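Colleague: After the structure tokens below, expect a handful of questions from me.
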Amino acid sequence: MNSVNRKLWKYNGGLHLEDHKTCSNQMESRELPMPKRLTIPMQQHIGEAAHPIVKVGDKVLKGEMIAESSARVSAPIHAPTSGTIVEIAPMPMPHPAALDAVTIILESDGLDQWCELHPIENYRHVSSDELRDRIRDAGIVGLGGAGFPSYIKLDPGQHFAIETLILNGAECEPYITCDDRLMRERPEAILDGARIMRHALHAKRCIIAIEDNKPEAFAALERAQSQSGQADIELVLVPTLYPTGGERQLIKVLTGKEVPSQGRTLDIGIISHNVTTAATIADAVIDGIPLINRMITVTGESITTPQNIRAPIGAPIEALLDFAGRENGVETQLVMGGPMMGISLNSASLPVIKTSNCFMLQPKQPTVPESPCIRCGECAVVCPAELLPQQLYWHSRAREFEKVQDYNLFDCIECGCCSYVCPSNIPLVHYYRFAKTEVWAQEREKEAANIARMRHEHRQARQEKAELEKQERMRKKKAALKDKEKGGTDDAAKKAAIKAAMDRAKAKREANQNPEAAAPTDVPSQEAAATETQPATIPESTSKSES
Amino acid sequence: MKSLISSPYTHGDSSLQQVMLQVVFALIPAIGIHFWFFGWGIITNILLATLFCLGFEAIVMWLRRRPIQTTLFDGSALVTAVLLAITIPPLSPWWLILVGSLAAIVFAKQIYGGLGFNPFNPAMIGFVVLLISFPKEMTQWVAPIANGEQGIGLMQSLQIVFGSTGLDALTGATPLDALKTGIRMGGEVSGVMAATPIYGQFAGFGWESVNLAILAGGLWMLWRKTIRWHVPVAMLGSLAAISTLFYLIDPSRYADPIFHLLGGGAILGAFFIATDPVSGATSTKGRIIFGIGIGLFTYIIRSWGGYPDGVAFGILLMNMAAPMIDYYTQPKVFGQKG
Ligand code: SF4
Ligand code: SF4
């Protein structure tokens, strides 16, 4: 089933960008030769970092789990090839704030020997829970760049009925073509993944959306669907417009519904996943293969032959760049992700991680100075979240963080449309990231202060109680001595005194249970929501420090 | 904040300088026609205003220890200069232009913190300061050159500008001015128009041509998306609507809408001045309200106020209201509509 005359909706703004896709999407994807050393960070996803379950010196097989976590929002990590663990230490990883993460270094033995895999024969006979466990254990996270653990987005809970499962193959960012290539090369896997997810979610219908600049991908999926003999998935071409691949924008285009501001797609009965994620889920369920490699676009003006490369997690980025060929002579800038939302990396020796969808090598651009905002409003015209970017900028700059939140800072998806059109060349998104980070930091500080105060008060109460009890004991002893001497009794009075002391301590303890301190602030949830759209953000890794 | 490079790593091709230069380019046809009808006056005005405006801008930048070059060449002072030069009478004496430029650049713009921070349109402040301070000089307009007549030559123009020759013999009133005086003296619109030679086919000989050229420039800016349609359409629409209404009520006392649209500064104001984003409203709805307000104020001041034209006052009044309009017309964000 595919609908050419399907009704589609529009969202506000957006940009018609030159897509620069044909430079990399013409060629069949190639496999990167296995590098000698793989550098595998423990934080490749949103949420808690995974903890290594191997030691230096351990031999591992390809596909074996080498790190895991008991936290809900986290993902285990597997060995992309067989070999020996040679080092475990904090190392830099691809991250906007260039943070370090605990990293496992695996030296390949060149055998590429698989561990035992456990395929699921017929996923239709398996419960949703079992499927989710499998997807979780395979370490699968949103591969469109978000990196949010996929199994959570397949677990709507009791209260939500899922109307529509959307597979996002829009790939609206210029230059990136890895989803495009995967749809052309492995359409069956994507359809299988779609069916598995639909089964897990009990979703009524499933749509795969593709921007109309990828007719070959659409045709490939169409062919695969008709060959499969099932017509259960709706294939939809959507107009090419940046950022249609944004989750909220795509949902609007396909269904006309708007995800509530700061709400979840779940609230309107919709779940969306990336197409590459779907194929990876199919591999994990049908073949038992965990997420150990991925398709990556290597492109940009400074790459000789832009193309898509299938590379293991942990491969050094420079191996990919060299595989595709680097133009030498010019100073370049390396970006992970696309030109609109990617993050710049300061070293090509950083590793490929699960969310690396594209590496772009461009000649370094001279920085154009920023002029004052002339309030032209062009930014608001193109903003898909219908915000007032100029006001957000104004208040971020003035560090008026309450005001920025009044202007719905946390609805900003950081798509970059506003910066792109700003005639004054203001790095608007940069200001928003700064403001978001500041707000999170303030919230955390507040929380930390509350926790510290609570701890302090508890300790005081404890000490007081101990002191009282000690005094009481002393008194008892003395009284007992006296009793022995006198033989008289005033037991009742003694008991009353003890009880009074205990009551005082208890009252004090209760008074200290500050209701404010106990109530969670709502910002951490926004944090999670916002990070879903961004490869990684600064705060998560620090949020652990208080717990 | 500084060292972190952050996405997007690509930028559209619009720049501040380009936006400003487009505004100036769009005025070139009008300047040409102005020159054709009124002679050198417009040229001397523009040259002097540009010199003074850029000069003041540079001085203030130097005093504020800011980079002079980037600001000077962002084009914003040039736009102010050209707009001021077009709104004041051609062949204005140099000191008049100096005072106007001072008011526009130093008082209306830089004292508030420079480009982007000025609540009022600088050129309009310059114009209004001159209008209030030097009413006589500001109403002496060179009469259009009639067919076959010899205009004022360059040398004579320079002598007038630099003060060695009087202008009195050569001047006439603007169409709006003449109409206002005529009606005040008891005349009827049609009578006044028939009796005064400066009225052309509809709105004043020479003036309508200049205004049509300004309109062409404005439409070009719309096409280039230098400006958006909301303010000009709202302003001219409301002006047309209210003038039609009164014209229908009493055509003998109120001029027709065509005259109102083309006879004064309405077109220039609508496309080139009210669209100044810095001092205007930013939201779409806000811009429409902003434009309507200017149209109404323009008509009220023209018809019942003390000044012949009300565009400048209309714009400044609405500049004042712009922050409030923006506050009350904030669009609903994505996902908050339901
Ligand atoms: S596009 Fe730039 S200059 Fe224009 S209003 Fe937005 S921030 Fe200001
Ligand atoms: S980055 Fe944020 S403010 Fe700018 S256009 Fe995108 S959503 Fe709007």
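Note on naming: chains are A, B, ... as they come in the structure tokens, residues start from 1 per chain, ligands start from 1 in the order shown.
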Can you check which parts of chain B lie within 10 Å of ligand 2? Per residue, the shortest pair of atoms and distance in Å to one decimal, counting only C-alpha atoms and all ligand atoms, sorted by chain and number, as a tab-separated table.
Modeller:
```
residue	atom	partner	partner_atom_place_in_ligand_line	distance
B:Ser7	CA	ligand 2	1 (S)	9.5
B:Pro8	CA	ligand 2	1 (S)	9.1
B:Val333	CA	ligand 2	8 (Fe)	9.9
B:Phe334	CA	ligand 2	7 (S)	9.6
```
Colleague: Keeping all heavy atoms for every residue in the selection just given, could you write it to a file as a tab-separated table (two decimals), in the first residue's frame?
Modeller:
```
chain	number	residue	atom	x	y	z
B	7	SER	N	26.63	24.35	15.73
B	7	SER	CA	25.86	24.26	14.50
B	7	SER	C	24.82	25.39	14.45
B	7	SER	O	24.45	25.91	15.48
B	7	SER	CB	25.16	22.91	14.43
B	7	SER	OG	24.23	22.80	15.47
B	8	PRO	N	24.27	25.74	13.33
B	8	PRO	CA	24.61	25.21	12.01
B	8	PRO	C	25.94	25.74	11.49
B	8	PRO	O	26.37	26.81	11.85
B	8	PRO	CB	23.45	25.69	11.14
B	8	PRO	CG	22.95	26.92	11.81
B	8	PRO	CD	23.15	26.70	13.27
B	333	VAL	N	2.97	28.81	20.29
B	333	VAL	CA	4.03	27.93	19.82
B	333	VAL	C	3.46	26.58	19.40
B	333	VAL	O	2.34	26.22	19.78
B	333	VAL	CB	5.16	27.74	20.86
B	333	VAL	CG1	5.61	29.07	21.40
B	333	VAL	CG2	4.73	26.81	21.96
B	334	PHE	N	4.25	25.86	18.63
B	334	PHE	CA	3.91	24.52	18.16
B	334	PHE	C	3.52	23.66	19.36
B	334	PHE	O	4.24	23.59	20.34
B	334	PHE	CB	5.14	23.92	17.47
B	334	PHE	CG	4.90	22.62	16.78
B	334	PHE	CD1	4.66	22.58	15.42
B	334	PHE	CD2	4.94	21.43	17.48
B	334	PHE	CE1	4.46	21.38	14.77
B	334	PHE	CE2	4.72	20.22	16.84
B	334	PHE	CZ	4.49	20.19	15.48
```
Colleague: What residues of the protein or nucleic acid chains come within 6 Å of ligand 1 when you use only C-alpha atoms and all ligand atoms? Reply as a VMD selection string.
Modeller: chain A and resid 373 to 379 390 421 to 424
Colleague: What are the closest atom pairs, with distances in Å to one decimal, for all residues of chain A lying within 9 Å of chain B? Consider only C-alpha atoms, order rows by chain and residue number, and present the result as CSV.
Modeller:
```
residue,atom,partner,partner_atom,distance
A:Tyr11,CA,B:Phe334,CA,8.6
A:Asn12,CA,B:Phe334,CA,8.4
A:Leu17,CA,B:Gly12,CA,8.9
A:Pro96,CA,B:Ser6,CA,8.2
A:Ala97,CA,B:Leu4,CA,8.5
A:Arg248,CA,B:Phe334,CA,8.9
A:Lys257,CA,B:Gly335,CA,8.6
A:Glu258,CA,B:Gly335,CA,5.0
A:Val259,CA,B:Gly335,CA,5.4
A:Pro260,CA,B:Gly335,CA,4.1
A:Ser261,CA,B:Gly335,CA,4.4
A:Gln262,CA,B:Gly335,CA,8.1
A:Gly263,CA,B:Gly335,CA,8.4
A:Val335,CA,B:Tyr9,CA,8.7
A:Gly338,CA,B:Pro8,CA,8.4
A:Pro339,CA,B:Tyr9,CA,5.1
A:Met340,CA,B:Pro8,CA,4.1
A:Met341,CA,B:Ser7,CA,5.4
A:Gly342,CA,B:Ser7,CA,6.0
A:Ile343,CA,B:Ser7,CA,6.3
A:Ser344,CA,B:Ser6,CA,6.9
A:Gln365,CA,B:Tyr9,CA,8.7
A:Pro369,CA,B:Thr70,CA,8.5
A:Ser371,CA,B:Leu16,CA,7.6
A:Pro372,CA,B:Gly116,CA,5.8
A:Cys373,CA,B:Gly116,CA,5.5
A:Ile374,CA,B:Gly116,CA,4.6
A:Arg375,CA,B:Val278,CA,5.2
A:Cys376,CA,B:Pro277,CA,4.8
A:Gly377,CA,B:Thr282,CA,5.5
A:Ala380,CA,B:Ser283,CA,7.9
A:Val381,CA,B:Thr284,CA,8.7
A:Pro384,CA,B:Phe334,CA,7.6
A:Ala385,CA,B:Phe334,CA,5.0
A:Glu386,CA,B:Val333,CA,4.7
A:Leu387,CA,B:Val333,CA,5.6
A:Leu388,CA,B:Gln330,CA,8.1
A:Tyr407,CA,B:Val333,CA,8.9
A:Asn408,CA,B:Val333,CA,7.8
A:Asp411,CA,B:Phe334,CA,8.0
A:Glu414,CA,B:Ser7,CA,8.7
A:Cys415,CA,B:Pro8,CA,8.0
A:Gly416,CA,B:Pro8,CA,5.5
A:Cys417,CA,B:Pro8,CA,8.2
A:Ser419,CA,B:Pro8,CA,7.0
A:Tyr420,CA,B:His11,CA,4.5
A:Val421,CA,B:Gly12,CA,5.4
A:Cys422,CA,B:Ser14,CA,7.3
A:Pro423,CA,B:Ser15,CA,4.0
A:Ser424,CA,B:Leu16,CA,5.2
A:Asn425,CA,B:Ser15,CA,7.0
A:Pro427,CA,B:Ser6,CA,7.8
A:Val429,CA,B:Ser7,CA,7.2
A:His430,CA,B:Ser6,CA,5.9
A:Tyr431,CA,B:Met1,CA,8.0
A:Phe434,CA,B:Met1,CA,7.6
```
Colleague: Just give me the gap between CA of Ala324 in chain A and CA of Cys358 in chain A in Å, one decimal is fine.
Modeller: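 Straight-line distance from CA of Ala324 in chain A to CA of Cys358 in chain A works out to 12.6 Å.
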Colleague: With only C-alpha atoms as the basis for distance, which of B:Tyr299, B:Phe25, B:Phe290, B:Phe35 is at the shortest distance from Trp207 in chain B?
Modeller: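 The answer is B:Phe35, which sits nearest to Trp207 in chain B.
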Colleague: Which distance in Å separates CA of Val231 in chain B and CA of Ile43 in chain B, to one decimal?
Modeller: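 Atom-to-atom, CA of Val231 in chain B to CA of Ile43 in chain B, that is 28.7 Å.
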Colleague: Give me the residues within 6 Å of range 117-131 of chain A as a list in words, counting only C-alpha atoms and dropping any in the same chain fewer than 4 places off.
Modeller: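 Here the answer would be Ala200, Val285, Ile286, Asp287 and Gly288 of chain A.
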Colleague: Restricting the output to all heavy atoms, write the selected residues as a short mmCIF file (atom, residue, chain, number, x, y, z; two decimals), in the first residue's frame.
Modeller:
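Result saved to again_30.cif:
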```
data_model
loop_
_atom_site.label_atom_id
_atom_site.label_comp_id
_atom_site.auth_asym_id
_atom_site.auth_seq_id
_atom_site.Cartn_x
_atom_site.Cartn_y
_atom_site.Cartn_z
N ALA A 200 5.30 -5.35 18.62
CA ALA A 200 5.61 -5.06 20.02
C ALA A 200 4.70 -3.97 20.58
O ALA A 200 4.38 -3.96 21.77
CB ALA A 200 7.07 -4.65 20.16
N VAL A 285 16.50 -9.15 16.32
CA VAL A 285 15.45 -10.12 16.63
C VAL A 285 15.58 -11.35 15.75
O VAL A 285 15.62 -12.48 16.24
CB VAL A 285 14.06 -9.46 16.47
CG1 VAL A 285 12.95 -10.50 16.57
CG2 VAL A 285 13.87 -8.36 17.51
N ILE A 286 15.69 -11.16 14.46
CA ILE A 286 15.64 -12.29 13.54
C ILE A 286 16.96 -13.07 13.54
O ILE A 286 16.96 -14.29 13.48
CB ILE A 286 15.28 -11.80 12.12
CG1 ILE A 286 13.87 -11.19 12.16
CG2 ILE A 286 15.35 -12.94 11.10
CD1 ILE A 286 13.45 -10.50 10.89
N ASP A 287 18.08 -12.34 13.64
CA ASP A 287 19.37 -13.03 13.59
C ASP A 287 20.11 -13.03 14.92
O ASP A 287 21.17 -13.64 15.04
CB ASP A 287 20.28 -12.38 12.53
CG ASP A 287 19.63 -12.42 11.15
OD1 ASP A 287 19.08 -13.48 10.81
OD2 ASP A 287 19.67 -11.40 10.44
N GLY A 288 19.60 -12.27 15.87
CA GLY A 288 20.26 -12.23 17.18
C GLY A 288 21.52 -11.38 17.19
O GLY A 288 22.34 -11.47 18.10
#
```
Colleague: Suppose you want the space between CA of Ile85 in chain A and CA of Leu32 in chain A; what is it in Å?
Modeller: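 So the answer is 21.0 Å.
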Colleague: Would you kindly return, as a VMD selection string, each protein, DNA or RNA residue with an atom no farther than 8 Å from any atom of Asn45 in chain B, considering only C-alpha atoms and excluding same-chain residues fewer than 6 positions away?
Modeller: chain B and resid 85 to 86 90 to 92 97
Colleague: I need the residue nearest Arg253 in chain B from this list: B:Phe297, B:Trp304, B:Trp229, B:Trp95. Use only C-alpha atoms for the distance.
Modeller: B:Trp304
Colleague: Within 7 Å of range 393-403 of chain A, counting only C-alpha atoms, which residues qualify if same-chain residues fewer than 2 places away don't, as a PyMOL selection string?
Modeller: chain A and resi 389-391+405-407+428+431-432+435+439
Colleague: Residues at most 6 Å from range 213-228 of chain A, counting only C-alpha atoms, excluding those fewer than 2 positions away in the same chain, as a count of residues only?
Modeller: 7
Colleague: Can you work out which one of B:Pro323, B:Gly314, B:Gly163, B:Pro93 has the shortest atom-to-atom distance to Ile273 in chain B, counting only C-alpha atoms?
Modeller: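 Of all the options, B:Gly314 lies closest to Ile273 in chain B.
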Colleague: Can you pull out every residue within 8 Å of Ala282 in chain A, counting only C-alpha atoms, but drop anything in the same chain fewer than 2 positions away, and send it as a ChimeraX atom specification?
Modeller: /A:189-190,192-193,196,278-280,284-287
Colleague: Please identify which residues in range 278-348 of chain A DSSP calls helix (DSSP H, G or I) from the backbone, and express them as a count of residues only.
Modeller: 18
